[in-house]
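Novice: Structure file data-v3.cif (mmCIF, C-alpha atoms and all ligand atoms; chains and numbers go by the auth columns) is given on the next line.
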data_protein
loop_
_atom_site.group_PDB
_atom_site.id
_atom_site.type_symbol
_atom_site.label_atom_id
_atom_site.label_comp_id
_atom_site.label_asym_id
_atom_site.label_seq_id
_atom_site.Cartn_x
_atom_site.Cartn_y
_atom_site.Cartn_z
_atom_site.B_iso_or_equiv
_atom_site.auth_seq_id
_atom_site.auth_asym_id
ATOM 1 C CA MET A 1 -15.211 -41.371 -36.598 0.00 20 C
ATOM 2 C CA LEU A 2 -15.837 -43.845 -33.763 0.00 21 C
ATOM 3 C CA ALA A 3 -13.887 -41.677 -31.339 0.00 22 C
ATOM 4 C CA LEU A 4 -16.009 -38.692 -32.352 0.00 23 C
ATOM 5 C CA HIS A 5 -19.258 -40.677 -32.069 0.00 24 C
ATOM 6 C CA PRO A 6 -19.176 -42.816 -28.900 0.00 25 C
ATOM 7 C CA ALA A 7 -22.828 -43.908 -29.293 0.00 26 C
ATOM 8 C CA VAL A 8 -21.985 -45.446 -32.689 0.00 27 C
ATOM 9 C CA GLN A 9 -18.970 -47.118 -31.101 0.00 28 C
ATOM 10 C CA ASP A 10 -21.170 -48.592 -28.353 0.00 29 C
ATOM 11 C CA THR A 11 -23.630 -50.008 -30.930 0.00 30 C
ATOM 12 C CA LEU A 12 -20.747 -51.517 -32.879 0.00 31 C
ATOM 13 C CA TYR A 13 -19.355 -53.049 -29.692 0.00 32 C
ATOM 14 C CA SER A 14 -22.764 -54.653 -28.968 0.00 33 C
ATOM 15 C CA GLU A 15 -22.922 -56.102 -32.478 0.00 34 C
ATOM 16 C CA ILE A 16 -19.428 -57.544 -32.149 0.00 35 C
ATOM 17 C CA THR A 17 -20.110 -59.158 -28.762 0.00 36 C
ATOM 18 C CA GLN A 18 -23.477 -60.479 -30.008 0.00 37 C
ATOM 19 C CA VAL A 19 -22.071 -61.990 -33.227 0.00 38 C
ATOM 20 C CA LEU A 20 -18.614 -63.056 -32.098 0.00 39 C
ATOM 21 C CA GLY A 21 -18.634 -63.260 -28.317 0.00 40 C
ATOM 22 C CA THR A 22 -14.957 -63.413 -27.466 0.00 41 C
ATOM 23 C CA ARG A 23 -13.717 -65.274 -30.558 0.00 42 C
ATOM 24 C CA GLN A 24 -11.855 -63.746 -33.523 0.00 43 C
ATOM 25 C CA PRO A 25 -13.911 -62.924 -36.672 0.00 44 C
ATOM 26 C CA SER A 26 -13.757 -65.141 -39.756 0.00 45 C
ATOM 27 C CA TYR A 27 -14.817 -64.417 -43.331 0.00 46 C
ATOM 28 C CA GLU A 28 -18.120 -66.251 -42.702 0.00 47 C
ATOM 29 C CA ASP A 29 -19.026 -63.638 -40.067 0.00 48 C
ATOM 30 C CA PHE A 30 -18.985 -60.852 -42.681 0.00 49 C
ATOM 31 C CA PRO A 31 -22.744 -60.943 -43.543 0.00 50 C
ATOM 32 C CA SER A 32 -23.654 -60.836 -39.828 0.00 51 C
ATOM 33 C CA LEU A 33 -21.559 -57.762 -39.065 0.00 52 C
ATOM 34 C CA THR A 34 -24.004 -55.417 -40.784 0.00 53 C
ATOM 35 C CA TYR A 35 -23.505 -52.405 -38.548 0.00 54 C
ATOM 36 C CA ALA A 36 -19.726 -52.658 -39.001 0.00 55 C
ATOM 37 C CA LEU A 37 -20.265 -52.491 -42.774 0.00 56 C
ATOM 38 C CA CYS A 38 -22.681 -49.567 -42.325 0.00 57 C
ATOM 39 C CA ILE A 39 -19.939 -47.693 -40.447 0.00 58 C
ATOM 40 C CA MET A 40 -17.411 -48.415 -43.191 0.00 59 C
ATOM 41 C CA PHE A 41 -19.835 -47.247 -45.890 0.00 60 C
ATOM 42 C CA GLU A 42 -20.913 -44.141 -43.981 0.00 61 C
ATOM 43 C CA THR A 43 -17.243 -43.189 -43.552 0.00 62 C
ATOM 44 C CA LEU A 44 -16.642 -43.785 -47.284 0.00 63 C
ATOM 45 C CA ARG A 45 -19.733 -41.697 -48.056 0.00 64 C
ATOM 46 C CA LEU A 46 -18.539 -38.645 -46.106 0.00 65 C
ATOM 47 C CA PHE A 47 -14.842 -39.102 -46.883 0.00 66 C
ATOM 48 C CA PRO A 48 -14.485 -41.136 -50.098 0.00 67 C
ATOM 49 C CA SER A 49 -10.877 -42.235 -50.683 0.00 68 C
ATOM 50 C CA VAL A 50 -11.309 -41.403 -54.379 0.00 69 C
ATOM 51 C CA VAL A 51 -12.935 -37.968 -54.674 0.00 70 C
ATOM 52 C CA GLY A 52 -13.441 -37.894 -58.435 0.00 71 C
ATOM 53 C CA VAL A 53 -13.298 -40.498 -61.213 0.00 72 C
ATOM 54 C CA PRO A 54 -11.873 -39.245 -64.511 0.00 73 C
ATOM 55 C CA LYS A 55 -13.171 -40.685 -67.790 0.00 74 C
ATOM 56 C CA VAL A 56 -12.829 -39.759 -71.478 0.00 75 C
ATOM 57 C CA ALA A 57 -15.877 -39.919 -73.754 0.00 76 C
ATOM 58 C CA ALA A 58 -15.075 -42.732 -76.189 0.00 77 C
ATOM 59 C CA GLU A 59 -17.917 -42.020 -78.637 0.00 78 C
ATOM 60 C CA ASP A 60 -19.888 -38.994 -79.844 0.00 79 C
ATOM 61 C CA THR A 61 -23.076 -40.596 -78.539 0.00 80 C
ATOM 62 C CA LEU A 62 -22.581 -39.805 -74.809 0.00 81 C
ATOM 63 C CA LEU A 63 -25.433 -37.805 -73.309 0.00 82 C
ATOM 64 C CA LEU A 64 -25.250 -36.441 -69.744 0.00 83 C
ATOM 65 C CA GLY A 65 -28.851 -35.489 -69.112 0.00 84 C
ATOM 66 C CA LYS A 66 -29.650 -33.221 -72.053 0.00 85 C
ATOM 67 C CA TYR A 67 -25.992 -32.366 -72.759 0.00 86 C
ATOM 68 C CA PRO A 68 -24.222 -34.153 -75.626 0.00 87 C
ATOM 69 C CA ILE A 69 -20.549 -34.761 -74.780 0.00 88 C
ATOM 70 C CA PRO A 70 -18.218 -34.887 -77.823 0.00 89 C
ATOM 71 C CA ARG A 71 -15.787 -37.776 -78.209 0.00 90 C
ATOM 72 C CA GLY A 72 -12.425 -37.134 -76.500 0.00 91 C
ATOM 73 C CA THR A 73 -13.892 -34.860 -73.791 0.00 92 C
ATOM 74 C CA ALA A 74 -12.551 -35.401 -70.273 0.00 93 C
ATOM 75 C CA VAL A 75 -15.387 -35.964 -67.779 0.00 94 C
ATOM 76 C CA ILE A 76 -14.823 -36.237 -64.034 0.00 95 C
ATOM 77 C CA PHE A 77 -17.676 -37.253 -61.794 0.00 96 C
ATOM 78 C CA ASP A 78 -17.689 -35.555 -58.450 0.00 97 C
ATOM 79 C CA ILE A 79 -18.147 -38.262 -55.836 0.00 98 C
ATOM 80 C CA VAL A 80 -17.915 -35.951 -52.801 0.00 99 C
ATOM 81 C CA HIS A 81 -20.949 -33.888 -53.813 0.00 100 C
ATOM 82 C CA VAL A 82 -23.035 -36.862 -54.950 0.00 101 C
ATOM 83 C CA HIS A 83 -22.375 -38.428 -51.525 0.00 102 C
ATOM 84 C CA ARG A 84 -23.498 -35.275 -49.690 0.00 103 C
ATOM 85 C CA ASP A 85 -26.430 -34.304 -51.905 0.00 104 C
ATOM 86 C CA PRO A 86 -29.427 -33.585 -49.618 0.00 105 C
ATOM 87 C CA GLU A 87 -31.796 -34.396 -52.500 0.00 106 C
ATOM 88 C CA ILE A 88 -30.497 -37.963 -52.335 0.00 107 C
ATOM 89 C CA TRP A 89 -29.433 -38.430 -48.725 0.00 108 C
ATOM 90 C CA GLY A 90 -31.791 -36.090 -46.901 0.00 109 C
ATOM 91 C CA PRO A 91 -31.322 -32.887 -44.876 0.00 110 C
ATOM 92 C CA ASP A 92 -28.808 -34.597 -42.561 0.00 111 C
ATOM 93 C CA SER A 93 -26.517 -35.527 -45.465 0.00 112 C
ATOM 94 C CA ASN A 94 -23.482 -33.977 -43.740 0.00 113 C
ATOM 95 C CA GLU A 95 -24.068 -35.926 -40.519 0.00 114 C
ATOM 96 C CA PHE A 96 -22.343 -39.195 -39.637 0.00 115 C
ATOM 97 C CA ASN A 97 -25.193 -41.690 -39.328 0.00 116 C
ATOM 98 C CA PRO A 98 -24.231 -45.282 -40.243 0.00 117 C
ATOM 99 C CA SER A 99 -27.847 -46.462 -39.767 0.00 118 C
ATOM 100 C CA ARG A 100 -28.838 -44.724 -43.004 0.00 119 C
ATOM 101 C CA PHE A 101 -27.280 -47.766 -44.760 0.00 120 C
ATOM 102 C CA ASP A 102 -29.150 -50.267 -42.612 0.00 121 C
ATOM 103 C CA ALA A 103 -32.138 -51.661 -44.555 0.00 122 C
ATOM 104 C CA ARG A 104 -33.535 -53.127 -41.337 0.00 123 C
ATOM 105 C CA HIS A 105 -34.494 -49.588 -40.270 0.00 124 C
ATOM 106 C CA ARG A 106 -36.442 -48.972 -43.503 0.00 125 C
ATOM 107 C CA HIS A 107 -36.364 -45.220 -42.893 0.00 126 C
ATOM 108 C CA PRO A 108 -36.651 -42.789 -45.788 0.00 127 C
ATOM 109 C CA ALA A 109 -33.108 -42.272 -47.042 0.00 128 C
ATOM 110 C CA GLY A 110 -33.650 -39.147 -49.089 0.00 129 C
ATOM 111 C CA ALA A 111 -35.558 -35.928 -48.541 0.00 130 C
ATOM 112 C CA ASN A 112 -37.969 -36.637 -51.384 0.00 131 C
ATOM 113 C CA LYS A 113 -38.308 -40.377 -50.912 0.00 132 C
ATOM 114 C CA SER A 114 -41.145 -41.909 -48.965 0.00 133 C
ATOM 115 C CA GLU A 115 -39.382 -45.253 -49.015 0.00 134 C
ATOM 116 C CA ILE A 116 -36.243 -46.861 -50.363 0.00 135 C
ATOM 117 C CA ASP A 117 -36.550 -47.950 -53.975 0.00 136 C
ATOM 118 C CA ASP A 118 -35.780 -51.674 -53.932 0.00 137 C
ATOM 119 C CA ASP A 119 -35.517 -51.861 -57.711 0.00 138 C
ATOM 120 C CA THR A 120 -32.623 -49.451 -57.980 0.00 139 C
ATOM 121 C CA SER A 121 -30.910 -49.816 -54.624 0.00 140 C
ATOM 122 C CA VAL A 122 -27.757 -51.891 -54.443 0.00 141 C
ATOM 123 C CA SER A 123 -26.862 -54.143 -51.566 0.00 142 C
ATOM 124 C CA PHE A 124 -23.073 -54.667 -51.834 0.00 143 C
ATOM 125 C CA GLY A 125 -23.314 -58.335 -51.037 0.00 144 C
ATOM 126 C CA ASN A 126 -25.354 -57.897 -47.857 0.00 145 C
ATOM 127 C CA GLU A 127 -29.136 -57.817 -48.175 0.00 146 C
ATOM 128 C CA LYS A 128 -29.390 -55.780 -44.971 0.00 147 C
ATOM 129 C CA ILE A 129 -27.523 -52.904 -46.657 0.00 148 C
ATOM 130 C CA ARG A 130 -29.342 -50.384 -48.835 0.00 149 C
ATOM 131 C CA VAL A 131 -28.449 -47.134 -50.583 0.00 150 C
ATOM 132 C CA PRO A 132 -31.186 -44.752 -51.802 0.00 151 C
ATOM 133 C CA CYS A 133 -30.747 -45.468 -55.506 0.00 152 C
ATOM 134 C CA LYS A 134 -28.221 -46.603 -58.081 0.00 153 C
ATOM 135 C CA GLY A 135 -25.530 -43.952 -58.515 0.00 154 C
ATOM 136 C CA ALA A 136 -26.014 -42.437 -55.034 0.00 155 C
ATOM 137 C CA PHE A 137 -23.003 -44.185 -53.467 0.00 156 C
ATOM 138 C CA LEU A 138 -19.901 -44.398 -55.647 0.00 157 C
ATOM 139 C CA PRO A 139 -16.731 -44.895 -53.548 0.00 158 C
ATOM 140 C CA PHE A 140 -15.860 -47.829 -55.807 0.00 159 C
ATOM 141 C CA SER A 141 -17.171 -46.083 -58.951 0.00 160 C
ATOM 142 C CA ASP A 142 -19.750 -48.019 -61.003 0.00 161 C
ATOM 143 C CA GLY A 143 -20.203 -49.733 -64.336 0.00 162 C
ATOM 144 C CA GLN A 144 -17.929 -52.002 -66.334 0.00 163 C
ATOM 145 C CA ARG A 145 -14.693 -50.460 -65.006 0.00 164 C
ATOM 146 C CA SER A 146 -15.675 -50.148 -61.368 0.00 165 C
ATOM 147 C CA CYS A 147 -13.355 -51.311 -58.603 0.00 166 C
ATOM 148 C CA LEU A 148 -12.605 -55.036 -58.443 0.00 167 C
ATOM 149 C CA GLY A 149 -12.247 -54.738 -54.668 0.00 168 C
ATOM 150 C CA ILE A 150 -15.968 -53.904 -54.328 0.00 169 C
ATOM 151 C CA PRO A 151 -17.807 -56.324 -52.017 0.00 170 C
ATOM 152 C CA PRO A 152 -19.470 -59.209 -53.923 0.00 171 C
ATOM 153 C CA PRO A 153 -21.089 -59.608 -56.385 0.00 172 C
ATOM 154 C CA SER A 154 -17.961 -57.984 -57.850 0.00 173 C
ATOM 155 C CA PRO A 155 -17.728 -56.650 -61.433 0.00 174 C
ATOM 156 C CA LEU A 156 -15.530 -59.665 -62.158 0.00 175 C
ATOM 157 C CA ALA A 157 -18.219 -62.055 -60.893 0.00 176 C
ATOM 158 C CA ARG A 158 -20.860 -60.151 -62.894 0.00 177 C
ATOM 159 C CA GLY A 159 -18.697 -60.448 -66.015 0.00 178 C
ATOM 160 C CA MET A 160 -18.207 -64.167 -65.432 0.00 179 C
ATOM 161 C CA GLN A 161 -21.952 -64.694 -65.045 0.00 180 C
ATOM 162 C CA GLY A 162 -22.685 -62.704 -68.222 0.00 181 C
HETATM 163 C C1 LIG B . -11.717 -48.860 -49.771 0.00 1 D
HETATM 164 C C2 LIG B . -11.056 -49.520 -50.716 0.00 1 D
HETATM 165 C C3 LIG B . -11.143 -49.164 -52.183 0.00 1 D
HETATM 166 C C4 LIG B . -11.682 -48.088 -52.804 0.00 1 D
HETATM 167 C C5 LIG B . -12.385 -46.866 -52.205 0.00 1 D
HETATM 168 C C6 LIG B . -11.490 -48.282 -54.250 0.00 1 D
HETATM 169 C C7 LIG B . -11.923 -47.408 -55.231 0.00 1 D
HETATM 170 C C8 LIG B . -11.710 -47.572 -56.589 0.00 1 D
HETATM 171 C C9 LIG B . -12.140 -46.656 -57.621 0.00 1 D
HETATM 172 C C10 LIG B . -12.921 -45.360 -57.389 0.00 1 D
HETATM 173 C C11 LIG B . -11.749 -47.159 -58.818 0.00 1 D
HETATM 174 C C12 LIG B . -11.929 -46.490 -60.182 0.00 1 D
HETATM 175 C C13 LIG B . -12.988 -47.157 -61.023 0.00 1 D
HETATM 176 C C14 LIG B . -13.255 -46.387 -62.305 0.00 1 D
HETATM 177 O O1 LIG B . -12.307 -45.953 -62.994 0.00 1 D
HETATM 178 O O2 LIG B . -14.448 -46.203 -62.665 0.00 1 D
HETATM 179 C C15 LIG B . -11.081 -48.415 -58.564 0.00 1 D
HETATM 180 C C16 LIG B . -10.547 -49.240 -59.523 0.00 1 D
HETATM 181 C C17 LIG B . -9.968 -50.451 -59.273 0.00 1 D
HETATM 182 N N1 LIG B . -9.814 -51.060 -58.050 0.00 1 D
HETATM 183 FE FE1 LIG B . -10.361 -50.275 -56.265 0.00 1 D
HETATM 184 N N2 LIG B . -10.822 -49.470 -54.434 0.00 1 D
HETATM 185 C C18 LIG B . -10.609 -50.045 -53.206 0.00 1 D
HETATM 186 C C19 LIG B . -10.013 -51.264 -52.968 0.00 1 D
HETATM 187 C C20 LIG B . -9.593 -52.147 -53.939 0.00 1 D
HETATM 188 C C21 LIG B . -9.115 -53.488 -53.695 0.00 1 D
HETATM 189 C C22 LIG B . -9.013 -54.143 -52.302 0.00 1 D
HETATM 190 C C23 LIG B . -8.801 -54.018 -54.907 0.00 1 D
HETATM 191 C C24 LIG B . -8.259 -55.385 -55.259 0.00 1 D
HETATM 192 C C25 LIG B . -8.443 -56.448 -54.526 0.00 1 D
HETATM 193 C C26 LIG B . -9.072 -53.023 -55.921 0.00 1 D
HETATM 194 C C27 LIG B . -8.893 -53.191 -57.266 0.00 1 D
HETATM 195 C C28 LIG B . -9.196 -52.270 -58.235 0.00 1 D
HETATM 196 C C29 LIG B . -8.933 -52.463 -59.670 0.00 1 D
HETATM 197 C C30 LIG B . -8.234 -53.667 -60.309 0.00 1 D
HETATM 198 C C31 LIG B . -9.420 -51.317 -60.315 0.00 1 D
HETATM 199 C C32 LIG B . -9.397 -51.023 -61.832 0.00 1 D
HETATM 200 C C33 LIG B . -10.663 -51.570 -62.473 0.00 1 D
HETATM 201 C C34 LIG B . -10.700 -51.322 -63.982 0.00 1 D
HETATM 202 O O3 LIG B . -10.108 -50.355 -64.451 0.00 1 D
HETATM 203 O O4 LIG B . -11.364 -52.103 -64.682 0.00 1 D
HETATM 204 N N3 LIG B . -9.563 -51.897 -55.283 0.00 1 D
HETATM 205 N N4 LIG B . -11.063 -48.641 -57.193 0.00 1 D
#
Have the structure of the file written as structure tokens, please.
Specialist:
Amino acid sequence: MLALHPAVQDTLYSEITQVLGTRQPSYEDFPSLTYALCIMFETLRLFPSVVGVPKVAAEDTLLLGKYPIPRGTAVIFDIVHVHRDPEIWGPDSNEFNPSRFDARHRHPAGANKSEIDDDTSVSFGNEKIRVPCKGAFLPFSDGQRSCLGIPPPSPLARGMQG
């Protein structure tokens, strides 16, 4: 994606030289490399490694919107289309634009949103990162069985706190 978008590559290069100079990165640099994380997330948004997450309804009580889902039904949520939904991400949802994850820009993320909803957005361990709302960005799935490799606070950490 960087080779296809040289302007994004230039911005990333500036961030790296500003934060690191000529030294190698360490784990402590992670929160300062916001644009690098935006690029990773924007790439995972357009091309999620896991395109659909299969689940089986464990109880008869599951409701998807107005639809009751009987116990034992296989349900797969379609991450690719959630990630490209213009209702959520705006009319440029098919474009590669890492800055859409950058909370410092505070631009409207979705077509129908006048501003990002701080109550439902998730930050993935970096307060400068925002997604339009909970459920809009699911490369690591969500909920109790979401990926343990998700940036902190991880599901494991959440479980330990609770
Ligand atoms: C870009 C990298 C990664 C992506 C896109 C990814 C994505 C996912 C997804 C979509 C799931 C399915 C969750 C569900 O069933 O709802 C998952 C599960 C899981 N991932 Fe990842 N993963 C990544 C990296 C990692 C890493 C680095 C680790 C470990 C350090 C990890 C550990 C796990 C584990 C243990 C589960 C099973 C969780 C459970 O069933 O409770 N993943 N991952």
Novice: Could you tell me how far atom CA of Asp79 of chain C lies from atom O3 of ligand LIG 1 (chain D), in Å and to one decimal?
Specialist: 21.5 Å
Novice: What gap, in Å, lies between atom CA of Val38 of chain C and atom N3 of ligand LIG 1 (chain D)?
Specialist: 27.3 Å
Novice: List all protein, DNA and RNA residues that have at least one atom no more than 10 Å from any atom of ligand LIG 1 (chain D), counting all atoms listed in the file, and write them as a compact mmCIF listing (two decimals) with C-alpha atoms, keeping the file's coordinate frame.
Specialist:
# COMPACT_ATOMS: atom_id res chain seq x y z
CA MET C 59 -17.41 -48.42 -43.19
CA PHE C 60 -19.84 -47.25 -45.89
CA LEU C 63 -16.64 -43.78 -47.28
CA ARG C 64 -19.73 -41.70 -48.06
CA PHE C 66 -14.84 -39.10 -46.88
CA PRO C 67 -14.48 -41.14 -50.10
CA SER C 68 -10.88 -42.24 -50.68
CA VAL C 69 -11.31 -41.40 -54.38
CA VAL C 70 -12.94 -37.97 -54.67
CA GLY C 71 -13.44 -37.89 -58.44
CA VAL C 72 -13.30 -40.50 -61.21
CA PRO C 73 -11.87 -39.24 -64.51
CA LYS C 74 -13.17 -40.68 -67.79
CA PHE C 96 -17.68 -37.25 -61.79
CA ILE C 98 -18.15 -38.26 -55.84
CA LEU C 157 -19.90 -44.40 -55.65
CA PRO C 158 -16.73 -44.90 -53.55
CA PHE C 159 -15.86 -47.83 -55.81
CA SER C 160 -17.17 -46.08 -58.95
CA ASP C 161 -19.75 -48.02 -61.00
CA GLY C 162 -20.20 -49.73 -64.34
CA GLN C 163 -17.93 -52.00 -66.33
CA ARG C 164 -14.69 -50.46 -65.01
CA SER C 165 -15.68 -50.15 -61.37
CA CYS C 166 -13.36 -51.31 -58.60
CA LEU C 167 -12.60 -55.04 -58.44
CA GLY C 168 -12.25 -54.74 -54.67
CA ILE C 169 -15.97 -53.90 -54.33
CA PRO C 170 -17.81 -56.32 -52.02
CA PRO C 174 -17.73 -56.65 -61.43
CA LEU C 175 -15.53 -59.66 -62.16
Novice: Please measure the separation of atom CA of Arg123 of chain C and atom CA of Arg103 of chain C, giving the value in Å to one decimal.
Specialist: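 So the two atoms, atom CA of Arg123 of chain C and atom CA of Arg103 of chain C, lie 22.1 Å apart.
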Novice: Under the rule that all atoms listed in the file are counted, which of C:Thr53, C:Thr30, C:Thr36, C:Gln43 is the nearest residue to Glu146 of chain C?
Specialist: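 Using all atoms listed in the file, Glu146 of chain C sits closest to C:Thr53.
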Novice: From the list C:Thr80, C:Lys147, C:Ala155, C:Asp121, which residue is nearest Glu106 of chain C when using all atoms listed in the file?
Specialist: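 Ranked by minimum distance to Glu106 of chain C, first place goes to C:Ala155.
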